[in-house]
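Below is protein-v5.cif, which holds mmCIF, C-alpha atoms.
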data_start
#
loop_
_atom_site.label_atom_id
_atom_site.label_comp_id
_atom_site.auth_asym_id
_atom_site.auth_seq_id
_atom_site.Cartn_x
_atom_site.Cartn_y
_atom_site.Cartn_z
CA MET E 1 86.71 50.57 117.75
CA PRO E 2 84.96 53.78 116.83
CA ALA E 3 87.57 54.73 114.28
CA THR E 4 87.03 51.95 111.76
CA PRO E 5 83.30 52.07 111.02
CA THR E 6 83.38 55.78 110.20
CA PRO E 7 85.30 55.56 106.92
CA ALA E 8 83.44 52.43 105.95
CA LYS E 9 80.13 54.21 106.35
CA SER E 10 81.10 57.57 104.91
CA ALA E 11 83.09 56.16 102.02
CA PRO E 12 80.22 55.53 99.57
CA ILE E 13 78.74 58.99 100.13
CA MET E 14 82.08 60.75 100.14
CA HIS E 15 83.48 59.04 97.11
CA GLY E 16 80.29 58.88 95.10
CA PHE E 17 81.25 62.25 93.68
CA ALA E 18 85.00 61.76 93.72
CA ASN E 19 84.60 61.19 90.01
CA PRO E 20 84.00 64.68 88.59
CA ALA E 21 82.22 63.28 85.52
CA ARG E 22 79.43 62.06 87.75
CA PHE E 23 79.20 65.45 89.44
CA VAL E 24 79.16 67.25 86.11
CA ARG E 25 76.29 65.06 84.90
CA LEU E 26 74.30 65.94 88.03
CA ALA E 27 75.18 69.63 87.94
CA ARG E 28 74.19 69.95 84.29
CA TRP E 29 70.47 69.67 85.08
CA LEU E 30 70.50 70.71 88.74
CA MET E 31 72.16 74.08 88.12
CA PRO E 32 69.52 75.58 85.77
CA LEU E 33 66.80 74.11 87.98
CA LEU E 34 68.19 75.85 91.07
CA LEU E 35 68.81 79.12 89.28
CA VAL E 36 65.39 79.36 87.61
CA SER E 37 63.38 78.28 90.66
CA GLY E 38 65.48 80.57 92.86
CA ILE E 39 64.95 83.60 90.63
CA VAL E 40 61.20 82.94 90.41
CA ILE E 41 60.78 82.44 94.15
CA ALA E 42 63.00 85.40 95.06
CA ALA E 43 61.16 87.69 92.63
CA ALA E 44 57.78 86.58 93.98
CA ALA E 45 58.94 87.02 97.58
CA LEU E 46 60.31 90.50 96.87
CA ALA E 47 57.06 91.49 95.14
CA TRP E 48 55.19 90.18 98.17
CA GLY E 49 57.46 92.07 100.54
CA LEU E 50 57.48 95.31 98.56
CA PHE E 51 53.80 95.56 97.55
CA VAL E 52 51.71 93.28 99.75
CA ALA E 53 53.36 93.10 103.16
CA PRO E 54 52.46 95.89 105.59
CA ALA E 55 54.66 98.80 106.66
CA ASP E 56 56.23 98.59 110.10
CA GLY E 57 54.72 100.51 112.97
CA LEU E 58 57.96 102.31 113.83
CA GLN E 59 60.15 102.09 110.73
CA GLY E 60 57.38 102.66 108.19
CA GLU E 61 58.19 101.72 104.61
CA THR E 62 61.92 101.33 105.20
CA VAL E 63 61.20 97.95 106.79
CA ARG E 64 60.92 96.51 103.28
CA ILE E 65 64.68 96.49 102.86
CA LEU E 66 64.58 93.61 105.33
CA TYR E 67 63.63 91.18 102.56
CA ILE E 68 67.00 91.69 100.91
CA HIS E 69 69.13 92.59 103.91
CA VAL E 70 68.40 89.60 106.14
CA PRO E 71 68.68 86.81 103.50
CA ALA E 72 71.86 88.49 102.23
CA ALA E 73 73.30 88.54 105.75
CA TRP E 74 72.40 84.88 106.36
CA LEU E 75 73.83 83.77 103.03
CA GLY E 76 76.94 85.88 103.43
CA MET E 77 77.60 83.96 106.63
CA GLY E 78 76.33 80.70 105.12
CA GLY E 79 78.79 81.11 102.25
CA TRP E 80 81.68 81.14 104.67
CA MET E 81 80.28 78.13 106.53
CA ALA E 82 80.23 76.31 103.18
CA ILE E 83 83.86 77.32 102.59
CA ALA E 84 84.80 76.08 106.06
CA VAL E 85 83.08 72.70 105.70
CA ALA E 86 84.48 72.16 102.20
CA SER E 87 87.94 73.17 103.43
CA LEU E 88 87.73 70.65 106.28
CA VAL E 89 86.76 67.91 103.82
CA GLU E 90 89.60 68.97 101.52
CA LEU E 91 92.21 69.01 104.29
CA VAL E 92 91.21 65.77 106.01
CA TRP E 93 89.71 63.56 103.30
CA ARG E 94 91.40 65.14 100.25
CA HIS E 95 88.15 65.00 98.36
CA PRO E 96 88.87 66.21 94.82
CA LEU E 97 85.74 68.39 94.58
CA ALA E 98 85.95 69.95 98.05
CA GLY E 99 88.53 72.60 97.21
CA ILE E 100 86.65 73.47 94.04
CA ALA E 101 83.38 73.79 95.99
CA ALA E 102 85.03 76.06 98.54
CA ARG E 103 86.43 78.30 95.82
CA ALA E 104 83.05 78.35 94.06
CA ALA E 105 81.22 79.52 97.20
CA ALA E 106 83.50 82.48 97.84
CA VAL E 107 82.29 84.90 95.16
CA PRO E 108 78.51 84.51 95.77
CA GLY E 109 79.18 84.67 99.52
CA ALA E 110 81.13 87.89 99.11
CA VAL E 111 78.44 89.37 96.86
CA TYR E 112 75.72 88.61 99.43
CA THR E 113 77.89 90.17 102.14
CA VAL E 114 78.18 93.33 100.04
CA PHE E 115 74.40 93.37 99.56
CA CYS E 116 73.95 93.03 103.30
CA LEU E 117 76.32 95.91 104.08
CA ILE E 118 74.84 98.23 101.43
CA THR E 119 71.19 97.60 102.31
CA GLY E 120 72.00 97.85 106.01
CA SER E 121 73.64 101.20 105.45
CA LEU E 122 70.67 102.45 103.42
CA TRP E 123 68.36 101.41 106.24
CA GLY E 124 70.60 102.77 108.98
CA ARG E 125 70.44 106.36 107.76
CA PRO E 126 66.67 106.81 108.19
CA ALA E 127 66.24 104.40 111.10
CA TRP E 128 69.25 105.11 113.31
CA GLY E 129 70.36 108.43 111.90
CA ALA E 130 73.74 107.12 110.71
CA TRP E 131 75.00 105.40 107.56
CA TRP E 132 77.59 103.46 109.49
CA VAL E 133 78.62 102.91 113.09
CA TRP E 134 81.51 100.85 114.41
CA ASP E 135 79.50 98.57 116.65
CA GLY E 136 80.20 94.86 117.06
CA ARG E 137 77.76 93.59 114.45
CA LEU E 138 78.64 95.99 111.66
CA THR E 139 82.36 95.70 112.26
CA SER E 140 82.37 91.89 112.33
CA MET E 141 80.30 91.81 109.13
CA LEU E 142 82.81 94.13 107.44
CA VAL E 143 85.59 91.82 108.66
CA LEU E 144 83.73 88.96 106.94
CA LEU E 145 83.86 90.85 103.65
CA PHE E 146 87.62 91.40 104.04
CA LEU E 147 88.04 87.70 104.87
CA TYR E 148 86.27 86.89 101.59
CA PHE E 149 88.67 89.20 99.72
CA GLY E 150 91.62 87.51 101.40
CA TYR E 151 90.27 84.06 100.63
CA LEU E 152 89.65 84.93 96.98
CA ALA E 153 93.17 86.29 96.58
CA LEU E 154 94.67 83.20 98.25
CA ALA E 155 92.56 80.76 96.24
CA ASP E 156 93.44 82.57 93.01
CA ALA E 157 97.14 82.59 93.78
CA SER E 158 97.19 78.94 94.81
CA SER E 159 95.20 77.66 91.84
CA GLU E 160 98.11 78.66 89.65
CA ALA E 161 100.54 76.55 91.65
CA GLN E 162 99.54 72.89 91.40
CA GLY E 163 97.87 71.47 94.51
CA GLY E 164 98.65 74.54 96.55
CA SER E 165 95.09 75.26 97.62
CA ARG E 166 95.83 73.93 101.10
CA LEU E 167 96.75 77.39 102.33
CA ALA E 168 93.36 78.70 101.17
CA ALA E 169 91.65 75.77 102.91
CA ILE E 170 93.40 76.55 106.20
CA PHE E 171 92.42 80.20 105.81
CA GLY E 172 88.82 79.15 105.13
CA LEU E 173 88.75 77.07 108.28
CA VAL E 174 90.38 79.71 110.49
CA GLY E 175 88.12 82.46 109.15
CA ALA E 176 85.05 80.53 110.34
CA ILE E 177 85.83 81.84 113.84
CA ASN E 178 84.28 85.11 112.70
CA ILE E 179 80.85 83.54 112.08
CA PRO E 180 79.84 82.97 115.72
CA VAL E 181 81.36 86.37 116.52
CA ILE E 182 78.98 87.98 113.99
CA HIS E 183 76.03 86.06 115.38
CA TYR E 184 76.71 86.74 119.05
CA SER E 185 78.10 90.27 118.64
CA VAL E 186 74.70 91.77 119.43
CA LEU E 187 74.34 89.63 122.54
CA TRP E 188 77.88 89.84 123.96
CA TRP E 189 78.37 93.55 123.49
CA ASN E 190 76.11 96.57 123.63
CA SER E 191 75.51 97.38 120.01
CA LEU E 192 73.37 99.72 117.98
CA HIS E 193 72.24 96.84 115.77
CA GLN E 194 69.20 95.09 117.18
CA PRO E 195 69.43 91.54 118.59
CA PRO E 196 68.12 88.69 116.40
CA SER E 197 64.36 88.77 115.85
CA ILE E 198 64.22 85.13 114.88
CA SER E 199 65.78 82.29 116.79
CA LEU E 200 64.87 78.61 116.80
CA GLY E 201 61.16 78.30 117.50
CA ARG E 202 60.69 81.92 118.49
CA SER E 203 60.00 85.05 116.52
CA ALA E 204 59.63 88.63 117.64
CA MET E 205 58.61 89.44 114.11
CA ALA E 206 54.94 89.54 113.14
CA PRO E 207 53.95 86.80 110.63
CA ASP E 208 53.17 89.48 108.01
CA PHE E 209 56.92 90.12 107.80
CA LEU E 210 58.12 86.63 108.61
CA TRP E 211 56.58 84.73 105.70
CA PRO E 212 57.84 86.90 102.84
CA LEU E 213 61.22 86.95 104.59
CA LEU E 214 61.38 83.15 104.70
CA ALA E 215 60.25 82.94 101.05
CA ALA E 216 62.95 85.42 100.01
CA THR E 217 65.51 83.42 101.98
CA ILE E 218 64.56 80.22 100.15
CA GLY E 219 64.74 82.00 96.79
CA PHE E 220 68.14 83.59 97.47
CA SER E 221 69.46 80.28 98.83
CA LEU E 222 68.47 78.45 95.64
CA ILE E 223 70.20 81.13 93.57
CA PHE E 224 73.27 80.71 95.78
CA GLY E 225 73.27 76.96 95.16
CA GLY E 226 72.85 77.44 91.42
CA VAL E 227 75.72 79.93 91.24
CA VAL E 228 77.98 77.61 93.23
CA LEU E 229 77.24 74.73 90.86
CA ALA E 230 77.81 76.95 87.83
CA ARG E 231 81.15 78.12 89.20
CA MET E 232 82.18 74.57 90.08
CA ARG E 233 81.47 73.49 86.52
CA ALA E 234 83.48 76.40 85.18
CA ILE E 235 86.43 75.65 87.47
CA LEU E 236 86.31 71.96 86.52
CA ALA E 237 86.26 72.86 82.83
CA ASP E 238 89.24 75.15 83.39
CA VAL E 239 91.18 72.40 85.16
CA GLN E 240 90.34 69.97 82.37
CA ALA E 241 91.39 72.37 79.63
CA GLU E 242 94.64 73.08 81.44
CA ALA E 243 95.37 69.38 81.86
CA ARG E 244 94.70 68.78 78.17
CA LEU E 245 97.06 71.58 77.18
CA ARG E 246 99.75 70.24 79.48
CA ARG E 247 99.34 66.75 78.06
CA LYS E 248 99.57 68.09 74.55
CA ALA E 249 102.69 70.06 75.38
CA ARG E 250 104.28 66.99 76.95
CA ASN E 251 103.42 64.81 73.95
CA GLY E 252 104.70 67.48 71.62
CA ALA E 253 108.01 67.65 73.54
CA GLY E 254 108.28 63.85 73.50
CA ALA E 255 107.72 63.74 69.75
CA GLY E 256 110.38 66.38 69.27
CA ALA E 257 112.87 64.33 71.30
CA TRP E 258 112.16 61.27 69.15
CA SER E 259 112.62 63.13 65.91
CA ASP E 260 115.92 64.50 67.20
CA ALA E 261 117.21 61.00 67.86
CA MET B 262 93.73 45.59 118.66
CA SER B 263 93.12 48.85 116.94
CA ALA B 264 96.30 48.41 114.94
CA VAL B 265 95.09 45.05 113.67
CA GLN B 266 91.74 46.51 112.67
CA THR B 267 93.32 49.45 110.96
CA GLN B 268 95.54 47.13 109.01
CA ALA B 269 92.57 44.95 108.19
CA ALA B 270 90.79 47.99 106.81
CA GLY B 271 93.73 48.11 104.50
CA PRO B 272 95.00 51.27 102.91
CA GLN B 273 97.78 53.31 104.42
CA GLY B 274 95.73 56.43 103.62
CA LEU B 275 93.24 55.63 106.34
CA LYS B 276 95.80 56.28 109.03
CA ALA B 277 97.02 59.47 107.45
CA LYS B 278 93.43 60.60 107.10
CA HIS B 279 92.83 60.17 110.82
CA GLN B 280 96.09 61.87 111.61
CA ARG B 281 95.00 64.87 109.58
CA LEU B 282 91.58 64.88 111.25
CA VAL B 283 93.16 64.89 114.71
CA LEU B 284 95.57 67.65 113.70
CA VAL B 285 92.77 69.80 112.32
CA VAL B 286 90.63 69.24 115.41
CA ILE B 287 93.51 70.17 117.74
CA ALA B 288 94.31 73.26 115.68
CA LEU B 289 90.67 74.34 115.67
CA ALA B 290 90.35 73.77 119.43
CA ALA B 291 93.42 75.93 120.05
CA LEU B 292 92.06 78.58 117.73
CA ILE B 293 88.63 78.64 119.35
CA GLY B 294 90.32 78.91 122.73
CA ALA B 295 92.36 81.87 121.52
CA ALA B 296 89.27 83.51 120.05
CA LEU B 297 87.31 83.07 123.28
CA LEU B 298 90.20 84.62 125.23
CA ALA B 299 90.28 87.56 122.85
CA ILE B 300 86.52 88.04 123.11
CA TRP B 301 86.73 87.85 126.88
CA GLY B 302 89.44 90.48 126.81
CA LEU B 303 87.35 92.66 124.52
CA ARG B 304 84.12 92.33 126.44
CA ALA B 305 84.29 95.85 127.82
CA GLN B 306 86.11 97.57 124.94
CA ALA B 307 84.00 96.17 122.12
CA SER B 308 80.75 97.54 123.49
CA TYR B 309 79.37 100.38 121.48
CA PHE B 310 77.98 102.31 124.43
CA TYR B 311 77.68 102.41 128.20
CA VAL B 312 74.34 101.66 129.78
CA PRO B 313 73.36 104.08 132.58
CA GLY B 314 74.47 101.71 135.35
CA GLU B 315 77.94 101.38 133.78
CA ILE B 316 78.44 105.06 133.04
CA LEU B 317 77.64 106.00 136.64
CA ALA B 318 80.08 103.36 137.89
CA VAL B 319 82.87 104.35 135.45
CA ARG B 320 82.30 108.13 135.63
CA PRO B 321 84.23 109.08 132.48
CA ALA B 322 86.01 112.45 132.64
CA PRO B 323 83.79 115.38 131.55
CA ASP B 324 86.06 116.10 128.55
CA ARG B 325 85.97 112.51 127.27
CA GLY B 326 83.53 111.71 124.48
CA VAL B 327 81.49 108.61 125.29
CA ARG B 328 78.26 106.99 124.21
CA LEU B 329 75.32 106.36 126.48
CA GLY B 330 72.63 103.88 125.47
CA GLY B 331 69.35 102.82 126.98
CA MET B 332 65.63 103.40 126.94
CA VAL B 333 64.10 106.86 126.74
CA GLU B 334 61.91 106.86 129.83
CA LYS B 335 58.23 107.38 129.17
CA GLY B 336 57.04 110.82 130.16
CA SER B 337 60.55 112.24 130.58
CA LEU B 338 60.84 113.94 127.18
CA ARG B 339 60.41 117.71 127.24
CA THR B 340 61.36 120.63 125.03
CA GLU B 341 63.11 123.60 126.59
CA PRO B 342 61.87 127.17 126.07
CA ASP B 343 64.32 127.79 123.19
CA GLY B 344 62.37 125.22 121.17
CA VAL B 345 65.36 123.23 119.87
CA THR B 346 66.91 121.83 123.03
CA ILE B 347 65.32 118.67 124.40
CA GLY B 348 65.80 116.88 127.66
CA PHE B 349 64.98 113.29 128.53
CA VAL B 350 66.04 110.52 130.86
CA VAL B 351 67.83 107.39 129.70
CA GLY B 352 67.31 104.37 131.90
CA ASP B 353 68.30 100.72 131.91
CA GLY B 354 66.02 99.51 134.67
CA LYS B 355 68.73 100.00 137.30
CA ALA B 356 70.01 103.53 136.87
CA ARG B 357 68.85 106.73 135.17
CA VAL B 358 70.85 109.48 133.48
CA PRO B 359 69.33 112.79 132.37
CA VAL B 360 70.33 113.81 128.83
CA ARG B 361 70.24 117.16 127.02
CA PHE B 362 70.44 117.47 123.26
CA LYS B 363 70.19 120.34 120.82
CA GLY B 364 69.39 119.45 117.23
CA ILE B 365 67.33 117.25 114.98
CA VAL B 366 66.41 113.83 116.33
CA PRO B 367 66.24 110.67 114.13
CA SER B 368 62.76 109.63 113.09
CA LEU B 369 62.70 106.50 115.24
CA PHE B 370 63.47 108.51 118.38
CA THR B 371 60.47 108.33 120.73
CA GLU B 372 59.73 107.83 124.38
CA GLY B 373 59.88 104.20 125.40
CA SER B 374 62.30 103.15 122.68
CA GLY B 375 66.06 102.72 122.58
CA VAL B 376 68.54 105.51 122.02
CA VAL B 377 72.31 105.91 121.83
CA ALA B 378 73.55 109.38 122.73
CA GLU B 379 77.06 110.53 121.80
CA GLY B 380 78.48 113.23 124.04
CA ARG B 381 79.95 113.93 127.46
CA LEU B 382 78.87 113.25 131.00
CA GLY B 383 79.05 116.57 132.82
CA LYS B 384 80.19 117.01 136.43
CA ASP B 385 76.58 117.79 137.36
CA GLY B 386 75.56 114.30 136.20
CA ILE B 387 73.75 115.56 133.09
CA PHE B 388 74.82 113.92 129.84
CA VAL B 389 75.18 116.53 127.09
CA ALA B 390 74.74 114.86 123.71
CA ASP B 391 76.07 116.16 120.37
CA ASN B 392 74.39 113.40 118.40
CA LEU B 393 71.52 110.99 118.88
CA LEU B 394 71.14 107.57 117.25
CA ALA B 395 67.83 105.75 117.49
CA LYS B 396 68.11 102.09 118.38
CA HIS B 397 65.56 99.78 116.86
CA ASP B 398 64.63 96.70 118.83
CA GLU B 399 64.09 93.19 117.51
CA ARG B 400 60.31 93.52 117.32
CA TYR B 401 58.65 94.02 113.95
CA VAL B 402 55.00 94.96 114.23
CA PRO B 403 52.80 96.07 111.29
CA ARG B 404 51.51 99.61 111.33
CA GLU B 405 47.91 98.38 111.69
CA MET B 406 48.84 96.57 114.86
CA LYS B 407 50.63 99.53 116.38
CA ASP B 408 47.45 100.96 117.84
CA MET B 409 46.73 97.74 119.68
CA THR B 410 47.86 97.55 123.24
CA ALA B 411 51.29 96.06 123.76
CA ALA B 412 49.70 92.91 125.20
CA GLN B 413 47.49 92.43 122.15
CA ALA B 414 50.38 92.86 119.75
CA LYS B 415 52.47 90.49 121.79
CA GLN B 416 49.73 87.90 121.57
CA VAL B 417 49.52 88.23 117.78
CA VAL B 418 53.26 87.83 117.51
CA ALA B 419 53.18 84.91 119.93
CA GLU B 420 50.83 83.06 117.60
CA THR B 421 53.66 82.55 115.15
CA GLN B 422 55.84 80.86 117.70
#

This entry written out as structure tokens:
Amino acid sequence: MPATPTPAKSAPIMHGFANPARFVRLARWLMPLLLVSGIVIAAAALAWGLFVAPADGLQGETVRILYIHVPAAWLGMGGWMAIAVASLVELVWRHPLAGIAARAAAVPGAVYTVFCLITGSLWGRPAWGAWWVWDGRLTSMLVLLFLYFGYLALADASSEAQGGSRLAAIFGLVGAINIPVIHYSVLWWNSLHQPPSISLGRSAMAPDFLWPLLAATIGFSLIFGGVVLARMRAILADVQAEARLRRKARNGAGAGAWSDA
Amino acid sequence: MSAVQTQAAGPQGLKAKHQRLVLVVIALAALIGAALLAIWGLRAQASYFYVPGEILAVRPAPDRGVRLGGMVEKGSLRTEPDGVTIGFVVGDGKARVPVRFKGIVPSLFTEGSGVVAEGRLGKDGIFVADNLLAKHDERYVPREMKDMTAAQAKQVVAETQ
């Protein structure tokens, strides 16, 4: 039967990190590594893009905003994909770290989405002649930002009520519908935003632009990973502190009851 | 047989886990179906502009503000005697619409590149634009390569593929 081998195979990987102590030990050295390497690579890539890479034939110098705008857009969408996958794992397998990972990815994802919208707007004014237009791509990206706000509010509200993060997980899963809409918006509908320059194995972008862009993407991705780990550690520490307080309060109440007797 | 194996695998949680997986998959399938329906319903409304073929088929009323998008045909751009009004032809390979515009054009606006014009389609078939937006395409070519022929530039870009 296909159903039985799956849990047997996935169990060691899935439950290897079910123990948060193990995760915390890993995150303690991985987090600074990701953050430092990410900052170094991103800074080098931006310097490359801003000072070394050529100007574009049509757009001129404004093309350089690409090295922030495109990685930010990818990671804004990638952040929600991370939320969706973690939410699925939380809902189906009840993995103890999944909900925490989903919550940790929301803030950096939202920040990257804001970067994407701001840099896009700054580029749009000189290139298109408009700060903002309501075409499919821009609108769906703005919807993504509002989804992040909604998710953050839900996750915050549910973290106060014990074990109530299921609602946030469902929201995270449902909101993933927007990701393919963002991606295909420029292909399904006439839009002012250009279609993708880079798809699997094909690039309409000259290598002079492509390489610094890929380097910047790697750098920003590493920073994203480092921030997620840092936030997961912080959330875990919060949960631990809360549990300790609760235990103390319970013990204190118990002691009081005994002394009364 | 499956029941026996499931029991052999032991914990009650296994079954519940699969139940949840099936539920989530069904819910997601329903959701994706709904989203596809919505997108299908929106396919005309969510477009930012008409291409020339569509605008000639739809023929929006002359008092209705619409957007027209397409390529500025090479050799069609001309300035009228008043010096600020320009005329050009927007084409999509199938149909062509003449456009008139008075004002400052965005810097990316040139012949042979994309444009979105906001305005009205007159009864005479001339589109009178109040605003022009330049549309950038997906190609990024360095300034040094711009003077190459299109075929040369294409070849350089193709080398990265």

If the PyMOL selection byres ((chain E and resi 58-68) around 10) is run on the structure shown, which residues does it catch, given as a PyMOL selection string?
(chain E and resi 42+45-51+53-57+69-73+112+115-116+119-120+122-124+126-128+209-210+212-217+220) or (chain B and resi 368-371+374+397+400-404+407)

Choose the residue, out of B:Glu379, B:Asp398, B:Glu315, B:Asp385, that has the smallest atom-to-atom separation from chain E; count all atoms listed in the file.
B:Asp398

Expected answer as a PyMOL selection string: chain E residues within 9 Å of chain B, only C-alpha atoms:
chain E and resi 1+3-4+7-8+53-60+63+88+91-94+125-130+133-136+173-174+177+181+188-198+201-210

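Contact shell of E:Asn178 at 8 Å (only C-alpha atoms; same-chain neighbours under 6 positions omitted): Ser140, Val143 and Leu144 of chain E.
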
Selection to disk with C-alpha atoms, as a short mmCIF file (atom, residue, chain, number, x, y, z; two decimals), in the coordinates of the input:
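Below is the file result05.cif, written as the result:
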data_model
loop_
_atom_site.label_atom_id
_atom_site.label_comp_id
_atom_site.auth_asym_id
_atom_site.auth_seq_id
_atom_site.Cartn_x
_atom_site.Cartn_y
_atom_site.Cartn_z
CA SER E 140 82.37 91.89 112.33
CA VAL E 143 85.59 91.82 108.66
CA LEU E 144 83.73 88.96 106.94
#

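The gap separating atom CA of E:Ser165 from atom CA of E:Asn19 is 19.1 Å, in Å to one decimal.
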
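Across the model, the gap from atom CA of E:Arg22 to atom CA of E:Ala84 is 23.7 Å.
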
For atom CA of B:Leu329 and atom CA of B:Gly348, determine how far apart the two atoms are, in Å to one decimal place.
14.2 Å
